[in-house]
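Participant: Data: target.cif, mmCIF, C-alpha atoms.
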```
data_work
loop_
_atom_site.label_atom_id
_atom_site.label_comp_id
_atom_site.auth_asym_id
_atom_site.auth_seq_id
_atom_site.Cartn_x
_atom_site.Cartn_y
_atom_site.Cartn_z
CA MET I 5 50.92 9.94 -36.11
CA SER I 6 48.63 8.20 -33.62
CA SER I 7 45.58 6.36 -34.97
CA PRO I 8 42.07 7.05 -33.67
CA ARG I 9 42.18 3.77 -31.75
CA GLN I 10 45.48 4.68 -30.11
CA LEU I 11 44.15 8.11 -29.13
CA PHE I 12 40.94 6.53 -27.83
CA LEU I 13 42.79 4.10 -25.60
CA ARG I 14 45.38 6.62 -24.48
CA HIS I 15 43.18 9.57 -23.56
CA LEU I 16 39.72 8.22 -22.69
CA ALA I 17 38.96 6.46 -19.42
CA GLN I 18 37.84 2.90 -20.08
CA THR I 19 35.08 1.19 -18.12
CA SER I 20 35.95 -2.34 -19.23
CA GLY I 21 38.93 -4.29 -20.44
CA TYR I 22 37.27 -5.07 -23.78
CA PRO I 23 35.74 -1.98 -25.45
CA LEU I 24 33.97 -2.66 -28.76
CA MET I 25 36.34 -0.32 -30.61
CA ILE I 26 33.96 0.43 -33.49
CA GLU I 27 34.87 3.75 -35.11
CA ILE I 28 31.43 5.26 -35.67
CA ASN I 29 31.10 7.72 -38.52
CA LYS I 30 27.33 8.30 -38.49
CA ALA I 31 24.06 6.86 -37.20
CA ARG I 32 20.58 6.81 -38.68
CA GLY I 33 17.45 4.98 -37.56
CA ILE I 34 18.43 1.56 -36.20
CA TYR I 35 21.84 1.63 -37.91
CA LEU I 36 25.36 2.66 -36.99
CA TYR I 37 27.98 3.16 -39.73
CA ASP I 38 31.71 2.81 -39.24
CA LYS I 39 34.51 4.66 -41.04
CA HIS I 40 34.34 2.12 -43.88
CA ASN I 41 30.58 2.71 -44.15
CA ARG I 42 29.85 -0.80 -42.87
CA LYS I 43 26.37 -0.97 -41.36
CA TYR I 44 25.67 -2.30 -37.85
CA ILE I 45 22.21 -2.88 -36.41
CA ASP I 46 21.93 -1.28 -32.98
CA LEU I 47 19.85 -3.66 -30.86
CA ILE I 48 20.57 -1.87 -27.59
CA SER I 49 19.57 1.69 -28.61
CA GLY I 50 22.58 3.22 -26.88
CA ILE I 51 21.32 1.38 -23.75
CA ALA I 52 17.61 2.20 -24.11
CA VAL I 53 18.23 5.82 -25.16
CA ASN I 54 17.46 6.03 -28.86
CA ASN I 55 13.86 4.84 -28.64
CA ILE I 56 12.88 6.69 -31.83
CA GLY I 57 16.13 5.76 -33.54
CA HIS I 58 19.31 7.67 -34.18
CA CYS I 59 19.15 11.22 -35.51
CA HIS I 60 15.41 11.39 -36.06
CA PRO I 61 14.81 14.33 -38.44
CA ARG I 62 12.31 16.05 -36.13
CA VAL I 63 14.72 15.86 -33.22
CA ILE I 64 17.55 17.31 -35.34
CA THR I 65 15.26 20.13 -36.49
CA GLY I 66 14.27 20.90 -32.88
CA ILE I 67 17.92 20.99 -31.81
CA LYS I 68 18.90 23.33 -34.67
CA LYS I 69 16.02 25.75 -34.05
CA GLN I 70 16.77 26.02 -30.34
CA ALA I 71 20.55 26.29 -30.86
CA GLU I 72 19.96 29.37 -33.00
CA LYS I 73 18.04 31.07 -30.16
CA TYR I 74 20.15 30.37 -27.07
CA LEU I 75 22.12 27.60 -25.44
CA HIS I 76 22.90 27.58 -21.72
CA LEU I 77 21.54 30.47 -19.67
CA MET I 78 20.64 29.42 -16.14
CA VAL I 79 18.44 26.45 -15.37
CA TYR I 80 17.79 26.77 -11.63
CA GLY I 81 14.14 27.55 -12.19
CA GLU I 82 14.84 31.31 -12.14
CA TYR I 83 14.52 32.20 -15.83
CA ILE I 84 11.44 31.40 -17.88
CA LEU I 85 12.81 29.19 -20.64
CA SER I 86 10.21 28.10 -23.19
CA PRO I 87 11.70 24.66 -23.98
CA GLN I 88 11.56 23.78 -20.28
CA TYR I 89 7.99 24.76 -19.50
CA GLU I 90 6.67 23.57 -22.86
CA TYR I 91 8.19 20.15 -22.33
CA ALA I 92 7.15 19.94 -18.67
CA LYS I 93 3.57 20.78 -19.70
CA LEU I 94 3.60 18.28 -22.58
CA LEU I 95 5.05 15.52 -20.41
CA THR I 96 2.75 15.97 -17.43
CA ASP I 97 -0.28 16.04 -19.73
CA TYR I 98 0.40 12.33 -20.29
CA LEU I 99 0.89 11.55 -16.58
CA PRO I 100 -1.52 11.00 -13.67
CA GLU I 101 -2.74 14.17 -11.97
CA SER I 102 -0.47 13.71 -8.95
CA LEU I 103 2.67 13.73 -11.13
CA ASN I 104 2.45 17.36 -12.13
CA CYS I 105 5.77 19.02 -11.26
CA VAL I 106 9.09 18.31 -13.01
CA PHE I 107 12.64 18.82 -11.76
CA PHE I 108 15.03 18.50 -14.70
CA VAL I 109 18.50 17.01 -14.28
CA ASN I 110 21.10 15.52 -16.62
CA SER I 111 20.89 11.75 -16.18
CA GLY I 112 19.15 8.86 -14.49
CA SER I 113 21.67 8.65 -11.67
CA GLU I 114 21.22 12.32 -10.86
CA ALA I 115 17.44 11.92 -10.98
CA VAL I 116 17.67 9.05 -8.47
CA ASP I 117 19.82 11.17 -6.17
CA GLY I 118 17.31 14.01 -6.40
CA ALA I 119 14.35 11.71 -5.70
CA MET I 120 16.06 10.32 -2.61
CA LYS I 121 16.76 13.82 -1.30
CA LEU I 122 13.18 14.88 -2.01
CA ALA I 123 11.73 11.91 -0.13
CA LYS I 124 13.93 12.45 2.92
CA ARG I 125 13.25 16.18 2.96
CA TYR I 126 9.48 15.82 2.54
CA THR I 127 8.93 13.00 5.04
CA GLY I 128 11.57 14.02 7.57
CA ARG I 129 12.61 10.36 7.68
CA GLN I 130 16.02 8.85 7.04
CA GLU I 131 15.59 5.22 5.96
CA ILE I 132 15.39 4.26 2.31
CA ILE I 133 14.35 0.80 1.14
CA ALA I 134 15.58 -0.65 -2.16
CA PHE I 135 15.59 -4.09 -3.75
CA TYR I 136 18.22 -6.73 -4.31
CA ASN I 137 19.29 -6.94 -7.97
CA SER I 138 18.07 -3.42 -8.69
CA TYR I 139 20.05 -0.96 -10.78
CA HIS I 140 19.73 2.79 -10.24
CA GLY I 141 22.99 4.27 -11.51
CA SER I 142 26.60 4.82 -10.51
CA THR I 143 26.80 8.08 -8.55
CA HIS I 144 27.45 7.68 -4.84
CA GLY I 145 23.80 8.11 -3.91
CA ALA I 146 22.43 5.91 -6.69
CA LEU I 147 25.08 3.28 -5.98
CA SER I 148 23.90 3.17 -2.38
CA VAL I 149 20.50 1.83 -3.49
CA LEU I 150 21.92 -0.47 -6.17
CA GLY I 151 21.15 -4.06 -5.27
CA ASP I 152 24.31 -5.93 -6.20
CA GLU I 153 27.20 -6.03 -3.74
CA ASN I 154 29.86 -6.81 -6.36
CA PHE I 155 29.38 -3.38 -7.87
CA LYS I 156 29.36 -1.64 -4.50
CA TYR I 157 31.94 -3.07 -2.13
CA PRO I 158 35.01 -1.32 -3.65
CA PHE I 159 33.36 2.05 -3.01
CA ARG I 160 32.13 1.61 0.54
CA PRO I 161 31.26 3.30 2.83
CA LEU I 162 28.15 4.47 1.00
CA LEU I 163 25.02 6.21 2.29
CA PRO I 164 23.77 4.95 5.67
CA GLY I 165 20.17 3.99 6.35
CA ILE I 166 19.62 1.80 3.29
CA ARG I 167 17.72 -1.48 3.71
CA PHE I 168 17.37 -4.07 0.95
CA ILE I 169 14.44 -6.41 0.47
CA ASN I 170 13.51 -8.97 -2.19
CA PHE I 171 11.60 -8.07 -5.34
CA ASN I 172 8.33 -10.01 -5.76
CA ASN I 173 8.43 -11.09 -2.09
CA THR I 174 5.28 -9.78 -0.43
CA ASN I 175 6.45 -10.91 3.01
CA ASP I 176 9.37 -8.49 2.83
CA LEU I 177 6.98 -5.52 2.60
CA GLN I 178 6.66 -5.71 6.40
CA TYR I 179 10.03 -3.94 6.61
CA ILE I 180 8.46 -0.77 5.24
CA ASN I 181 7.44 1.20 8.33
CA GLU I 182 7.06 4.64 9.93
CA HIS I 183 10.83 5.21 9.65
CA THR I 184 10.90 4.71 5.87
CA ALA I 185 11.25 7.87 3.79
CA CYS I 186 10.78 6.06 0.50
CA VAL I 187 10.91 2.77 -1.31
CA ILE I 188 12.69 2.92 -4.66
CA THR I 189 12.20 0.25 -7.29
CA GLU I 190 12.24 -0.40 -10.99
CA PRO I 191 8.74 -1.59 -11.94
CA ILE I 192 10.61 -4.14 -14.08
CA GLN I 193 14.10 -5.09 -12.91
CA SER I 194 16.26 -4.47 -15.97
CA GLU I 195 19.86 -5.38 -15.19
CA ALA I 196 18.74 -8.51 -13.31
CA GLY I 197 17.74 -9.94 -16.68
CA ILE I 198 14.26 -8.39 -17.14
CA ILE I 199 12.36 -9.59 -14.07
CA LEU I 200 8.67 -8.72 -14.24
CA PRO I 201 6.56 -7.99 -11.16
CA ALA I 202 4.38 -10.96 -10.22
CA ASN I 203 1.20 -11.61 -8.26
CA ASP I 204 0.15 -7.98 -7.81
CA PHE I 205 3.46 -7.24 -6.12
CA LEU I 206 3.47 -3.58 -7.15
CA ILE I 207 -0.12 -3.12 -5.98
CA ASN I 208 0.77 -4.55 -2.58
CA LEU I 209 3.89 -2.37 -2.47
CA ARG I 210 1.79 0.72 -3.22
CA LYS I 211 -0.65 -0.22 -0.48
CA ARG I 212 2.08 -0.71 2.12
CA CYS I 213 3.72 2.61 1.27
CA THR I 214 0.40 4.41 1.60
CA GLU I 215 -0.29 2.74 4.96
CA THR I 216 3.08 3.75 6.42
CA GLY I 217 3.45 7.19 4.83
CA ALA I 218 6.52 6.16 2.85
CA LEU I 219 6.84 7.63 -0.63
CA LEU I 220 6.95 5.19 -3.54
CA VAL I 221 9.63 5.98 -6.15
CA PHE I 222 9.55 4.28 -9.55
CA ASP I 223 12.78 4.29 -11.51
CA GLU I 224 11.62 4.19 -15.13
CA VAL I 225 14.94 5.23 -16.61
CA GLN I 226 15.05 2.12 -18.82
CA THR I 227 11.36 1.23 -18.98
CA GLY I 228 10.09 4.70 -19.89
CA PHE I 229 9.09 6.35 -23.14
CA GLY I 230 7.37 3.42 -24.76
CA ARG I 231 9.98 0.76 -24.13
CA THR I 232 7.48 -1.73 -22.63
CA GLY I 233 4.46 -0.87 -24.77
CA THR I 234 3.02 2.06 -22.83
CA LEU I 235 4.57 5.48 -22.29
CA PHE I 236 5.60 4.30 -18.81
CA ALA I 237 5.58 0.76 -17.48
CA PHE I 238 3.61 1.62 -14.32
CA GLU I 239 0.56 2.24 -16.50
CA GLN I 240 0.31 -1.51 -17.10
CA TYR I 241 0.24 -2.37 -13.38
CA ASN I 242 -2.46 0.04 -12.11
CA VAL I 243 -0.03 1.68 -9.68
CA VAL I 244 0.96 5.35 -9.51
CA PRO I 245 4.21 6.28 -7.77
CA ASP I 246 4.69 9.36 -5.60
CA ILE I 247 7.92 10.17 -7.44
CA LEU I 248 8.75 9.14 -11.00
CA VAL I 249 12.39 8.98 -12.14
CA ILE I 250 13.10 9.19 -15.88
CA ALA I 251 15.99 9.73 -18.30
CA LYS I 252 17.55 7.73 -21.20
CA GLY I 253 14.81 7.68 -23.89
CA MET I 254 13.61 11.07 -22.72
CA GLY I 255 15.87 13.35 -24.76
CA GLY I 256 15.78 11.73 -28.19
CA GLY I 257 19.54 11.15 -27.93
CA MET I 258 20.36 14.29 -25.93
CA PRO I 259 21.30 14.17 -22.22
CA LEU I 260 18.27 14.76 -20.02
CA GLY I 261 16.68 13.30 -16.91
CA ALA I 262 14.05 14.28 -14.37
CA PHE I 263 12.25 13.37 -11.20
CA ILE I 264 8.54 14.18 -11.09
CA ALA I 265 6.18 14.52 -8.15
CA ASP I 266 3.20 16.49 -6.92
CA LYS I 267 3.84 20.22 -6.60
CA ASN I 268 3.13 20.08 -2.86
CA ILE I 269 5.93 17.54 -2.43
CA MET I 270 8.37 19.32 -4.73
CA ASN I 271 7.90 22.66 -2.96
CA CYS I 272 9.95 21.48 0.02
CA LEU I 273 13.14 21.86 -2.04
CA LYS I 274 12.75 25.64 -2.33
CA LYS I 275 13.04 26.51 1.36
CA GLU I 276 14.97 25.58 4.48
CA PRO I 277 17.34 25.73 2.67
CA MET I 278 16.72 27.56 -0.57
CA PHE I 279 18.14 25.71 -3.55
CA GLY I 280 17.61 22.39 -1.79
CA HIS I 281 18.55 20.67 -5.04
CA ILE I 282 20.28 22.42 -7.93
CA THR I 283 22.04 21.48 -11.14
CA THR I 284 24.00 23.62 -13.57
CA PHE I 285 22.93 21.97 -16.82
CA GLY I 286 19.75 20.03 -15.93
CA GLY I 287 16.95 20.91 -18.32
CA HIS I 288 19.33 22.39 -20.87
CA PRO I 289 17.23 24.24 -23.46
CA VAL I 290 18.60 22.25 -26.39
CA SER I 291 17.98 18.94 -24.62
CA CYS I 292 14.44 20.00 -23.76
CA ALA I 293 13.80 21.02 -27.37
CA ALA I 294 14.99 17.58 -28.48
CA ALA I 295 12.78 15.94 -25.84
CA ILE I 296 9.71 17.84 -27.07
CA ALA I 297 10.30 16.58 -30.59
CA SER I 298 10.96 13.03 -29.38
CA LEU I 299 7.77 12.81 -27.33
CA GLN I 300 5.74 14.28 -30.17
CA VAL I 301 7.14 11.65 -32.52
CA LEU I 302 6.29 8.85 -30.08
CA LYS I 303 2.71 10.01 -29.68
CA LYS I 304 1.79 11.45 -33.08
CA GLU I 305 3.35 8.63 -35.10
CA LYS I 306 1.77 6.03 -32.76
CA ILE I 307 5.09 4.27 -32.31
CA ILE I 308 4.25 2.97 -28.85
CA GLU I 309 1.10 1.25 -30.08
CA SER I 310 3.19 -1.14 -32.20
CA VAL I 311 5.68 -2.16 -29.48
CA GLN I 312 3.79 -5.15 -28.09
CA TYR I 313 3.19 -6.47 -31.61
CA LYS I 314 6.92 -6.19 -32.29
CA GLU I 315 7.65 -8.10 -29.11
CA GLN I 316 5.50 -10.94 -30.44
CA LEU I 317 7.38 -10.86 -33.73
CA PHE I 318 10.64 -11.41 -31.86
CA ARG I 319 9.08 -14.25 -29.89
CA LYS I 320 7.72 -15.85 -33.07
CA HIS I 321 10.86 -15.63 -35.18
CA LEU I 322 13.61 -15.95 -32.58
CA VAL I 323 13.14 -19.63 -31.81
CA TYR I 324 16.06 -22.02 -31.38
CA LYS I 325 16.60 -25.12 -29.26
CA ALA I 326 19.56 -23.55 -27.40
CA ILE I 327 17.43 -20.69 -26.05
CA LYS I 328 16.57 -21.65 -22.49
CA ASN I 329 14.19 -18.79 -21.74
CA PHE I 330 12.79 -15.66 -23.40
CA ARG I 331 11.77 -12.97 -20.92
CA GLY I 332 10.63 -9.41 -21.22
CA LYS I 333 7.93 -6.92 -22.01
CA GLY I 334 7.66 -4.86 -25.15
CA LEU I 335 11.11 -4.22 -26.59
CA LEU I 336 12.93 -4.81 -23.31
CA LEU I 337 13.95 -8.43 -23.78
CA ALA I 338 16.30 -11.03 -22.30
CA ILE I 339 17.37 -14.19 -24.10
CA GLU I 340 18.68 -16.77 -21.64
CA PHE I 341 21.14 -19.56 -22.51
CA LYS I 342 22.45 -22.58 -20.64
CA ASN I 343 25.49 -20.78 -19.23
CA LYS I 344 27.54 -17.60 -19.41
CA ARG I 345 30.07 -19.06 -21.83
CA ILE I 346 27.42 -19.52 -24.51
CA ALA I 347 25.90 -16.09 -23.90
CA LYS I 348 29.32 -14.47 -24.26
CA ARG I 349 29.98 -16.34 -27.49
CA VAL I 350 26.59 -15.33 -28.90
CA ILE I 351 27.40 -11.67 -28.27
CA SER I 352 30.73 -12.12 -30.06
CA GLU I 353 29.21 -14.00 -33.01
CA ALA I 354 26.43 -11.44 -33.31
CA MET I 355 29.05 -8.70 -33.66
CA LYS I 356 30.60 -10.63 -36.55
CA ASN I 357 27.17 -10.41 -38.18
CA ARG I 358 27.16 -6.69 -37.32
CA LEU I 359 24.46 -7.00 -34.69
CA ILE I 360 25.10 -5.04 -31.52
CA VAL I 361 23.44 -6.87 -28.64
CA GLY I 362 24.05 -6.29 -24.96
CA ASN I 363 24.64 -8.09 -21.71
CA PHE I 364 23.23 -7.52 -18.25
CA LEU I 365 25.15 -6.28 -15.24
CA PHE I 366 23.84 -8.81 -12.73
CA VAL I 367 23.32 -11.96 -14.81
CA ASP I 368 25.80 -13.42 -17.26
CA ASP I 369 23.83 -16.17 -19.00
CA CYS I 370 21.57 -13.81 -20.97
CA ILE I 371 21.84 -11.36 -23.84
CA ALA I 372 19.85 -8.12 -23.91
CA LEU I 373 17.72 -6.83 -26.77
CA LYS I 374 16.57 -3.20 -26.50
CA PRO I 375 16.17 -2.11 -30.12
CA PRO I 376 14.84 1.25 -31.24
CA LEU I 377 11.05 1.20 -31.11
CA ILE I 378 10.92 2.22 -34.77
CA ILE I 379 12.35 -1.12 -35.90
CA THR I 380 10.14 -2.54 -38.65
CA GLN I 381 8.62 -5.98 -39.11
CA LYS I 382 11.01 -6.71 -41.97
CA GLN I 383 14.00 -5.61 -39.90
CA ILE I 384 12.91 -7.76 -36.95
CA ILE I 385 12.63 -10.86 -39.12
CA ASN I 386 16.08 -10.17 -40.58
CA VAL I 387 17.54 -9.59 -37.10
CA CYS I 388 16.09 -12.88 -35.86
CA LYS I 389 17.65 -14.77 -38.79
CA LEU I 390 21.04 -13.21 -38.06
CA LEU I 391 20.73 -13.94 -34.34
CA ILE I 392 19.86 -17.57 -34.99
CA LYS I 393 22.83 -17.76 -37.36
CA SER I 394 25.01 -16.35 -34.57
CA ILE I 395 23.66 -18.87 -32.06
CA GLU I 396 24.17 -21.76 -34.46
CA ARG I 397 27.83 -20.80 -34.84
CA CYS I 398 28.25 -21.28 -31.10
CA TYR I 399 27.23 -24.92 -31.47
CA SER I 400 29.06 -25.78 -34.69
#
```
Produce structure tokens that represent the structure in this file.
Facilitator:
Amino acid sequence: MSSPRQLFLRHLAQTSGYPLMIEINKARGIYLYDKHNRKYIDLISGIAVNNIGHCHPRVITGIKKQAEKYLHLMVYGEYILSPQYEYAKLLTDYLPESLNCVFFVNSGSEAVDGAMKLAKRYTGRQEIIAFYNSYHGSTHGALSVLGDENFKYPFRPLLPGIRFINFNNTNDLQYINEHTACVITEPIQSEAGIILPANDFLINLRKRCTETGALLVFDEVQTGFGRTGTLFAFEQYNVVPDILVIAKGMGGGMPLGAFIADKNIMNCLKKEPMFGHITTFGGHPVSCAAAIASLQVLKKEKIIESVQYKEQLFRKHLVYKAIKNFRGKGLLLAIEFKNKRIAKRVISEAMKNRLIVGNFLFVDDCIALKPPLIITQKQIINVCKLLIKSIERCYS
């Protein structure tokens, strides 16, 4: 009889040559448990998904209640489904007035694709500008605006009309012009190793887009839902996008994404042609019910208010001579080492201490920390001790 590992390797497509191969039995809070009930600390939150932890009781309750009513019906905006409009209302109540209309999809990549289509349809323009070292997903459209050639060249040709410029380079904003449908950017570049905007770069980007009539698209798939210390990162930079792209932490662990814009912009998708953008499962009622519960937990339990304090705890307690740099905002953190060999060893040693830390797609000398926002002070101090222990092993 085949073992679970054999079945896993035989029947599931692998995305790397070295899967972690942990047989997960359950997950609660910041912890994962394997089949032997050994406890792992999840410091990547399922890649910035489980912001309120795994299996939060209120999310589970919301899922169960909705599952007893109905599952999939039709989500093309034709039926009035209470989880959809209740969540859209709740979400937009926390957003600027111009971000008032939600188009639900299934994932961040799909939300990026939808935002690109919306910008081209609304402006009547064809060029899209993105940034080097940006990450926006893996579908063909999202890959076209991804800013690392190593991930793209095997899949070319991709979408035409894409121009890349440099993040934090104000001089490059001159390339945004009357032919530009939109500029898409992460307000904080995540997979580049957590690169923060500098010197009012986002303010100048907003100004240039307004001057030229290009729409500004913020991809907050990783930075959203409290990850950086506010509900969305753009709130900290005094810039409002024309289109907001979200996913990951949105659904409390359930698959859900969206792009959000003003109703006047979004209306162009309903005519010439009708159904200008559609999705079979986007805004699934159960996912929306989970998202309602997740957002209520974030706001009512004031989880976001503690994120910046928790960042400082990491900075205070995760101190070691081998750490070359400590970058980030909130609980979106990058720990940089001298070279990729050390970073790789730290990840391996951390796993031996049952800490699940991540790497970045575009830089290989850093490790990523994206823990659930509910992580406590005591847990942070313990994590830092275990991380330092892991780092020390790399130098012994």
Participant: So what does the PyMOL selection byres ((chain I and resi 270) around 9) actually pick up in this one, as a PyMOL selection string?
Facilitator: chain I and resi 105-107+122+126+264-269+271-274
Participant: Leaving out segment 236-245 of chain I and any residue of its chain fewer than 3 positions from it, which residues lie within 7 Å of it when counting all atoms listed in the file, given as a list in words?
Facilitator: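 These residues fall inside the cut-off: Pro191, Leu206, Ile207, Arg210, Leu220, Val221, Phe222, Thr227, Gly228, Phe229, Gly230, Thr232 and Leu248 of chain I.
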Participant: I'd like to see the residues matched by the PyMOL selection byres ((chain I and resi 184) around 9) on this file, and ideally I'd get them as a PDB file with C-alpha atoms, in the coordinates of the input.
Facilitator:
```pdb
ATOM      1  CA  LYS I 124      13.930  12.450   2.920  1.00  0.00           C
ATOM      2  CA  THR I 127       8.930  13.000   5.040  1.00  0.00           C
ATOM      3  CA  ARG I 129      12.610  10.360   7.680  1.00  0.00           C
ATOM      4  CA  GLN I 130      16.020   8.850   7.040  1.00  0.00           C
ATOM      5  CA  GLU I 131      15.590   5.220   5.960  1.00  0.00           C
ATOM      6  CA  ILE I 132      15.390   4.260   2.310  1.00  0.00           C
ATOM      7  CA  ILE I 133      14.350   0.800   1.140  1.00  0.00           C
ATOM      8  CA  TYR I 179      10.030  -3.940   6.610  1.00  0.00           C
ATOM      9  CA  ILE I 180       8.460  -0.770   5.240  1.00  0.00           C
ATOM     10  CA  ASN I 181       7.440   1.200   8.330  1.00  0.00           C
ATOM     11  CA  GLU I 182       7.060   4.640   9.930  1.00  0.00           C
ATOM     12  CA  HIS I 183      10.830   5.210   9.650  1.00  0.00           C
ATOM     13  CA  ALA I 185      11.250   7.870   3.790  1.00  0.00           C
ATOM     14  CA  CYS I 186      10.780   6.060   0.500  1.00  0.00           C
ATOM     15  CA  VAL I 187      10.910   2.770  -1.310  1.00  0.00           C
ATOM     16  CA  CYS I 213       3.720   2.610   1.270  1.00  0.00           C
ATOM     17  CA  THR I 216       3.080   3.750   6.420  1.00  0.00           C
ATOM     18  CA  GLY I 217       3.450   7.190   4.830  1.00  0.00           C
ATOM     19  CA  ALA I 218       6.520   6.160   2.850  1.00  0.00           C
ATOM     20  CA  LEU I 219       6.840   7.630  -0.630  1.00  0.00           C
TER      21      LEU I 219
END
```
Participant: In terms of the shortest atom-to-atom distance over all atoms listed in the file, which of I:His288, I:His140, I:His76, I:Arg125 is closest to Glu224 of chain I?
Facilitator: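 Of all the options, I:His140 lies closest to Glu224 of chain I.
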Participant: For the file shown, report as a PyMOL selection string the outcome of the PyMOL selection byres ((chain I and resi 143) around 10) at residue level.
Facilitator: chain I and resi 112-114+116-117+140-142+144-148
